[in-house]
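S.K.: This is the content of entry_7.cif (mmCIF, C-alpha atoms and all ligand atoms):
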data_data
loop_
_atom_site.label_atom_id
_atom_site.label_comp_id
_atom_site.auth_asym_id
_atom_site.auth_seq_id
_atom_site.Cartn_x
_atom_site.Cartn_y
_atom_site.Cartn_z
CA MET A 407 5.20 80.17 -20.93
CA PRO A 408 6.64 78.76 -17.69
CA ILE A 409 4.13 78.39 -14.89
CA ALA A 410 4.97 78.90 -11.22
CA ALA A 411 5.61 75.66 -9.33
CA PRO A 412 2.54 75.00 -7.19
CA THR A 413 2.88 74.38 -3.47
CA TRP A 414 0.89 71.34 -2.50
CA PRO A 415 -0.88 71.61 0.87
CA GLN A 416 -0.11 68.86 3.39
CA ALA A 417 -2.96 66.50 4.13
CA THR A 418 -2.83 65.01 7.61
CA THR A 419 -6.50 64.33 8.30
CA VAL A 420 -9.05 62.31 6.39
CA ASP A 421 -10.91 65.52 5.49
CA GLU A 422 -7.77 67.12 4.11
CA ILE A 423 -7.06 64.05 2.01
CA ARG A 424 -10.66 64.10 0.77
CA ARG A 425 -10.33 67.80 -0.08
CA ASN A 426 -7.13 67.25 -2.08
CA LEU A 427 -8.57 64.19 -3.83
CA ALA A 428 -11.64 66.18 -4.81
CA ALA A 429 -9.42 68.94 -6.19
CA VAL A 430 -7.44 66.45 -8.30
CA ARG A 431 -10.64 64.80 -9.55
CA GLU A 432 -11.95 68.25 -10.45
CA ARG A 433 -8.77 68.97 -12.46
CA ILE A 434 -9.19 65.62 -14.23
CA ALA A 435 -12.85 66.34 -14.99
CA ARG A 436 -12.06 69.81 -16.35
CA ALA A 437 -9.22 68.53 -18.53
CA CYS A 438 -11.46 65.74 -19.84
CA ALA A 439 -14.24 68.22 -20.64
CA LEU A 440 -11.82 70.40 -22.60
CA ALA A 441 -10.44 67.39 -24.46
CA GLY A 442 -13.90 65.94 -25.16
CA ARG A 443 -13.09 62.84 -23.12
CA ASP A 444 -15.11 60.83 -20.60
CA PRO A 445 -13.63 61.35 -17.09
CA ALA A 446 -14.28 57.65 -16.46
CA SER A 447 -11.57 56.93 -19.06
CA VAL A 448 -8.88 58.32 -16.74
CA ARG A 449 -7.83 56.32 -13.68
CA LEU A 450 -6.32 58.24 -10.78
CA LEU A 451 -3.51 56.23 -9.16
CA PRO A 452 -2.59 57.81 -5.80
CA VAL A 453 1.19 57.66 -5.26
CA SER A 454 2.07 57.10 -1.61
CA LYS A 455 5.87 57.11 -1.45
CA THR A 456 7.22 58.69 1.79
CA VAL A 457 3.68 58.77 3.24
CA ASP A 458 3.51 56.78 6.48
CA GLU A 459 1.09 54.01 7.36
CA ALA A 460 -1.09 56.16 9.65
CA ARG A 461 -1.80 58.64 6.87
CA LEU A 462 -2.33 55.84 4.33
CA ARG A 463 -5.03 54.39 6.58
CA LEU A 464 -6.75 57.79 6.46
CA ALA A 465 -6.33 57.74 2.68
CA TRP A 466 -8.04 54.35 2.63
CA ASP A 467 -10.95 55.88 4.56
CA ALA A 468 -10.99 58.70 2.00
CA GLY A 469 -11.38 56.16 -0.78
CA CYS A 470 -7.82 55.35 -1.93
CA HIS A 471 -8.01 51.59 -2.38
CA GLU A 472 -5.08 51.41 -4.73
CA LEU A 473 -1.64 52.90 -4.05
CA GLY A 474 1.44 53.42 -6.21
CA GLU A 475 4.94 53.11 -4.76
CA ASN A 476 8.27 53.76 -6.46
CA LYS A 477 10.47 51.47 -4.35
CA VAL A 478 9.81 47.78 -3.80
CA GLN A 479 11.04 47.65 -0.21
CA GLU A 480 8.90 50.57 0.89
CA ALA A 481 5.88 49.12 -0.92
CA GLN A 482 6.38 45.67 0.53
CA ARG A 483 6.73 46.97 4.08
CA LYS A 484 3.53 48.99 3.77
CA ALA A 485 1.63 46.15 2.09
CA ALA A 486 2.52 43.83 4.97
CA ALA A 487 1.56 46.43 7.58
CA MET A 488 -1.79 47.10 5.91
CA ALA A 489 -2.69 43.55 4.94
CA ASP A 490 -5.84 43.91 7.07
CA LEU A 491 -7.37 46.39 4.59
CA PRO A 492 -9.46 44.21 2.28
CA GLY A 493 -8.80 44.59 -1.42
CA LEU A 494 -6.06 47.22 -1.12
CA ARG A 495 -4.04 46.98 -4.35
CA TRP A 496 -0.38 47.95 -4.79
CA SER A 497 1.14 49.24 -7.99
CA VAL A 498 4.95 49.34 -8.28
CA ILE A 499 5.82 52.29 -10.51
CA GLY A 500 9.62 52.44 -10.13
CA HIS A 501 12.61 50.65 -11.61
CA LEU A 502 13.00 47.02 -10.55
CA GLN A 503 16.09 44.87 -10.15
CA THR A 504 15.71 41.17 -10.89
CA ASN A 505 16.58 40.22 -7.31
CA LYS A 506 13.39 41.99 -6.15
CA ALA A 507 11.12 40.21 -8.64
CA ARG A 508 10.09 37.64 -6.07
CA ASP A 509 8.79 40.32 -3.72
CA VAL A 510 6.81 42.07 -6.44
CA ALA A 511 5.31 38.75 -7.55
CA ARG A 512 4.01 38.23 -4.03
CA PHE A 513 2.30 41.47 -3.14
CA ALA A 514 1.84 43.71 -6.19
CA SER A 515 -1.17 43.84 -8.50
CA GLU A 516 0.55 45.95 -11.11
CA PHE A 517 4.06 46.86 -12.27
CA GLN A 518 4.42 49.95 -14.42
CA ALA A 519 8.17 50.10 -15.07
CA LEU A 520 8.94 47.04 -17.20
CA ASP A 521 11.95 47.82 -19.40
CA SER A 522 13.97 44.63 -19.78
CA LEU A 523 13.43 41.02 -20.79
CA ARG A 524 15.48 39.91 -17.79
CA VAL A 525 12.99 41.51 -15.43
CA ALA A 526 10.05 40.14 -17.46
CA GLN A 527 11.49 36.65 -17.18
CA ALA A 528 12.28 36.94 -13.47
CA LEU A 529 8.76 38.20 -12.73
CA ASP A 530 7.12 35.54 -14.86
CA GLN A 531 9.00 32.71 -13.11
CA ARG A 532 8.17 34.05 -9.67
CA LEU A 533 4.53 34.62 -10.58
CA GLU A 534 4.33 31.04 -11.80
CA LEU A 535 5.49 29.81 -8.38
CA GLU A 536 3.01 32.08 -6.61
CA GLN A 537 0.25 31.15 -9.09
CA ARG A 538 -0.46 34.83 -9.62
CA THR A 539 -0.60 37.17 -12.60
CA LEU A 540 0.55 40.78 -12.79
CA ASP A 541 -0.66 43.70 -14.90
CA VAL A 542 2.36 45.35 -16.51
CA PHE A 543 3.14 48.55 -18.38
CA VAL A 544 6.22 48.96 -20.56
CA GLN A 545 8.20 52.03 -19.48
CA VAL A 546 9.43 54.19 -22.34
CA ASN A 547 12.05 56.93 -22.15
CA THR A 548 10.30 59.67 -24.09
CA SER A 549 12.53 62.53 -22.95
CA GLY A 550 15.77 61.21 -24.41
CA GLU A 551 17.54 61.94 -21.13
CA ASP A 552 20.21 59.37 -20.19
CA SER A 553 19.11 59.74 -16.61
CA LYS A 554 15.66 58.27 -17.20
CA TYR A 555 14.81 54.60 -17.04
CA GLY A 556 12.72 53.03 -19.77
CA LEU A 557 13.21 51.69 -23.26
CA ASP A 558 14.29 53.82 -26.18
CA PRO A 559 11.07 54.31 -28.22
CA ILE A 560 12.80 52.62 -31.17
CA ALA A 561 13.23 49.42 -29.15
CA VAL A 562 9.64 49.06 -27.95
CA ALA A 563 8.18 47.29 -31.02
CA ASP A 564 10.66 44.39 -30.78
CA PHE A 565 10.37 44.26 -27.02
CA VAL A 566 6.59 43.96 -27.12
CA GLN A 567 6.82 41.07 -29.60
CA GLN A 568 8.75 39.05 -26.97
CA LEU A 569 6.21 39.52 -24.18
CA PRO A 570 3.68 36.76 -25.01
CA ALA A 571 6.36 34.28 -23.88
CA PHE A 572 5.69 35.43 -20.31
CA SER A 573 2.24 34.03 -19.72
CA ASN A 574 1.79 35.42 -16.20
CA LEU A 575 2.29 39.02 -17.32
CA ARG A 576 -0.82 40.86 -18.53
CA VAL A 577 0.50 43.61 -20.77
CA ARG A 578 -1.81 46.62 -20.43
CA GLY A 579 -0.01 49.61 -21.86
CA LEU A 580 2.87 52.05 -21.86
CA MET A 581 4.21 54.30 -19.10
CA THR A 582 6.49 57.32 -19.17
CA LEU A 583 7.96 60.12 -17.09
CA ALA A 584 8.12 63.42 -18.95
CA VAL A 585 11.10 65.73 -18.78
CA PHE A 586 10.99 67.64 -15.46
CA SER A 587 10.24 71.16 -16.48
CA PRO A 588 7.75 73.82 -15.41
CA ASP A 589 7.32 74.63 -19.10
CA PRO A 590 4.32 72.75 -20.54
CA GLU A 591 5.76 72.95 -24.03
CA GLN A 592 8.76 70.89 -22.88
CA VAL A 593 6.54 68.32 -21.19
CA ARG A 594 3.87 67.89 -23.85
CA PRO A 595 6.06 66.32 -26.58
CA CYS A 596 7.03 63.50 -24.20
CA PHE A 597 3.38 62.57 -23.68
CA ALA A 598 2.58 62.98 -27.38
CA ARG A 599 5.48 60.67 -28.22
CA LEU A 600 4.07 57.93 -25.98
CA ARG A 601 0.64 58.20 -27.60
CA ASP A 602 2.09 58.20 -31.15
CA LEU A 603 4.16 55.14 -30.30
CA ARG A 604 1.06 53.34 -29.04
CA GLU A 605 -0.84 54.22 -32.25
CA ARG A 606 1.97 52.81 -34.39
CA LEU A 607 2.35 49.63 -32.33
CA ARG A 608 -1.37 48.93 -32.28
CA ARG A 609 -1.29 47.60 -35.84
CA THR A 610 1.23 44.85 -35.09
CA LEU A 611 0.45 43.73 -31.55
CA PRO A 612 0.96 40.05 -30.78
CA ALA A 613 -1.98 38.11 -29.37
CA GLY A 614 -2.61 38.70 -25.68
CA VAL A 615 -0.79 42.03 -25.57
CA SER A 616 -2.88 45.16 -25.07
CA LEU A 617 -1.52 48.67 -25.16
CA GLU A 618 -4.80 50.43 -24.40
CA GLU A 619 -3.43 52.12 -21.29
CA LEU A 620 -1.15 55.16 -21.29
CA SER A 621 0.23 55.94 -17.81
CA MET A 622 1.56 59.49 -17.86
CA GLY A 623 1.06 62.69 -15.92
CA MET A 624 1.84 63.53 -12.28
CA SER A 625 0.76 66.24 -9.81
CA GLY A 626 2.04 69.13 -11.93
CA ASP A 627 1.04 68.02 -15.40
CA VAL A 628 -2.18 66.00 -15.18
CA GLU A 629 -3.97 68.34 -17.61
CA ILE A 630 -1.33 68.09 -20.34
CA ALA A 631 -1.21 64.31 -19.99
CA ILE A 632 -4.99 64.03 -20.32
CA GLU A 633 -5.00 66.26 -23.39
CA GLU A 634 -2.44 63.89 -24.91
CA GLY A 635 -4.46 60.77 -24.09
CA ALA A 636 -3.45 59.56 -20.60
CA THR A 637 -5.66 56.78 -19.23
CA VAL A 638 -3.76 56.56 -15.91
CA VAL A 639 -2.38 59.56 -14.01
CA ARG A 640 0.01 58.94 -11.10
CA VAL A 641 -0.49 61.62 -8.47
CA GLY A 642 1.29 61.92 -5.14
CA GLN A 643 1.99 65.44 -3.89
CA ALA A 644 -1.33 66.95 -4.99
CA ILE A 645 -3.09 64.39 -2.76
CA PHE A 646 -0.75 64.03 0.22
CA GLY A 647 1.20 67.30 0.17
CA ALA A 648 4.67 68.31 -0.95
CA ARG A 649 7.41 65.77 -0.25
CA SER A 650 10.41 66.92 1.73
CA THR A 651 12.67 64.24 0.22
CA PRO A 652 14.34 65.07 -3.07
CA ASP A 653 13.09 63.19 -6.11
CA SER A 654 16.67 62.08 -6.82
CA LEU A 655 16.02 59.36 -4.22
CA TYR A 656 13.42 57.89 -6.55
CA TRP A 657 14.84 58.35 -9.97
CA PRO A 658 18.21 59.36 -11.34
CA THR A 659 18.35 63.09 -12.04
CA PRO A 660 20.79 64.85 -14.33
CA SER A 661 23.64 66.20 -12.23
C1 LIG A 701 6.48 59.98 -7.23
C2 LIG A 701 6.07 59.51 -8.57
C3 LIG A 701 4.94 60.04 -9.21
C4 LIG A 701 4.08 61.12 -8.58
O1 LIG A 701 4.74 62.33 -8.51
P1 LIG A 701 4.03 63.56 -7.72
O2 LIG A 701 4.87 64.72 -8.03
O3 LIG A 701 4.06 63.18 -6.28
O4 LIG A 701 2.65 63.63 -8.24
C5 LIG A 701 4.61 59.57 -10.47
N1 LIG A 701 5.34 58.60 -11.07
C6 LIG A 701 6.43 58.06 -10.49
C7 LIG A 701 7.19 57.01 -11.21
C8 LIG A 701 6.83 58.48 -9.22
O5 LIG A 701 7.90 57.93 -8.64
#
Go through the file and emit its structure as structure tokens.
M.R.:
Amino acid sequence: MPIAAPTWPQATTVDEIRRNLAAVRERIARACALAGRDPASVRLLPVSKTVDEARLRLAWDAGCHELGENKVQEAQRKAAAMADLPGLRWSVIGHLQTNKARDVARFASEFQALDSLRVAQALDQRLELEQRTLDVFVQVNTSGEDSKYGLDPIAVADFVQQLPAFSNLRVRGLMTLAVFSPDPEQVRPCFARLRDLRERLRRTLPAGVSLEELSMGMSGDVEIAIEEGATVVRVGQAIFGARSTPDSLYWPTPS
């Protein structure tokens, strides 16, 4: 049955951010309890796109020491502005063009949208120069929509076999965006597909490649993702408040 779209309250003070974070953690804990999972097995990645530096400093005070950004330029600008916050980690969770690989290699700790060998190669070369490594997730298109980035599930096994060639990439898992629908029964199969794919690939993983992590689930569907095995949930609006910008700025949407 379709559920009403929730309205996420804006958080503009450190207490409001704390309140929203606590509510998200409570949802995670409840979903874990129902699924018989340890809440410590689910990492909450706060997604900070469109949120300005002043509010992100409050988020830091509220305990967000890791932030996910969809666009490299926005992430890089914020990382530079907040370089004084010790240990703040940046995760790039959106599509990357090879000409931005150098930037990601410099400031990011994690990249969750790997879906081509060209990008893997560009990142690896740049990381080599920077003498850094990067945690990466392979993005999979589990919804079958042309508009979504990510590899066709059929292509992932071959793709993963190529990754040990890129010694500065630490392959951690798979990432997906579900179909955008208020109907949980449309969303769930996308998450289940990612988990099934991981189970199949586990038997033939090359050395050095781990697919333990499943990054799936956002503000509206954290519970379903956890039921289906998510180990990372990427949550923006439920922490910071509803975005006024349309999501089509961040990923292609069917027209
Ligand atoms: C924005 C974004 C999210 C978080 O979406 P919310 O609705 O803000 O929770 C998750 N993943 C990706 C790739 C995003 O760009």
S.K.: 7 Å from ligand LIG 701 (chain A) is the threshold here; counting all atoms listed in the file, which polymer residues fall inside it? Answer as a list in words.
M.R.: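 Within the 7 Å cut-off, the matching residues are Val453, Lys455, Glu475, Asn476, Ile499, Gly500, Leu583, Met624, Ser625, Gly626, Arg640, Val641, Gly642, Gln643, Ala644 and Tyr656 of chain A.
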S.K.: Per residue of range 492-563 of chain A within 10 Å of range 596-603 of chain A, note the shortest atom pair and the distance in Å to one decimal, counting only C-alpha atoms, and order the rows by chain and increasing residue number, as a Markdown table.
M.R.:
| residue | atom | partner | partner_atom | distance |
| --- | --- | --- | --- | --- |
| A:Gln545 | CA | A:Leu600 | CA | 9.7 |
| A:Val546 | CA | A:Leu600 | CA | 7.5 |
| A:Asn547 | CA | A:Cys596 | CA | 8.5 |
| A:Thr548 | CA | A:Cys596 | CA | 5.0 |
| A:Ser549 | CA | A:Cys596 | CA | 5.7 |
| A:Gly550 | CA | A:Cys596 | CA | 9.0 |
| A:Pro559 | CA | A:Leu603 | CA | 7.3 |
| A:Ile560 | CA | A:Leu603 | CA | 9.0 |
| A:Val562 | CA | A:Leu603 | CA | 8.5 |
| A:Ala563 | CA | A:Leu603 | CA | 8.8 |
S.K.: If you count all atoms listed in the file, which residues fall within 8 Å of Pro612 in chain A, apart from same-chain ones fewer than 5 positions away, as number ranges by chain?
M.R.: A: 566-567, 570
S.K.: Which residue, A:Leu491, A:Pro595, A:Ile645, A:Ala485, has the smallest gap to Val420 in chain A when you use all atoms listed in the file?
M.R.: A:Ile645
S.K.: Find, counting only C-alpha atoms, the residue in A:Leu655, A:Val577, A:Val525, A:Leu540 that gets nearest to Glu619 in chain A.
M.R.: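 That would be A:Val577, the residue with the smallest distance to Glu619 in chain A.
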S.K.: List the spatial neighbours of Asp458 in chain A as a list in words - criterion: any atom at most 10 Å away, only C-alpha atoms, same-chain residues fewer than 5 positions off excluded.
M.R.: Arg463, Glu480 and Lys484 of chain A
S.K.: Store the residues picked out above, limited to C-alpha atoms, as a compact mmCIF listing (two decimals), keeping the file's coordinate frame.
M.R.:
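out_38.txt, freshly written:
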# COMPACT_ATOMS: atom_id res chain seq x y z
CA ARG A 463 -5.03 54.39 6.58
CA GLU A 480 8.90 50.57 0.89
CA LYS A 484 3.53 48.99 3.77
S.K.: What lies within 9 Å of Gln568 in chain A using all atoms listed in the file, ignoring chain neighbours under 4 positions off, as a list in words?
M.R.: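 That gives Leu523, Asp564, Phe572 and Pro612 of chain A.
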S.K.: Go through A:Leu473, A:Cys438, A:Leu427, A:Leu529 one by one, measure the shortest atom-to-atom distance of each to Val457 in chain A using only C-alpha atoms, and give the residue with the smallest value.
M.R.: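 Of all the options, A:Leu473 lies closest to Val457 in chain A.
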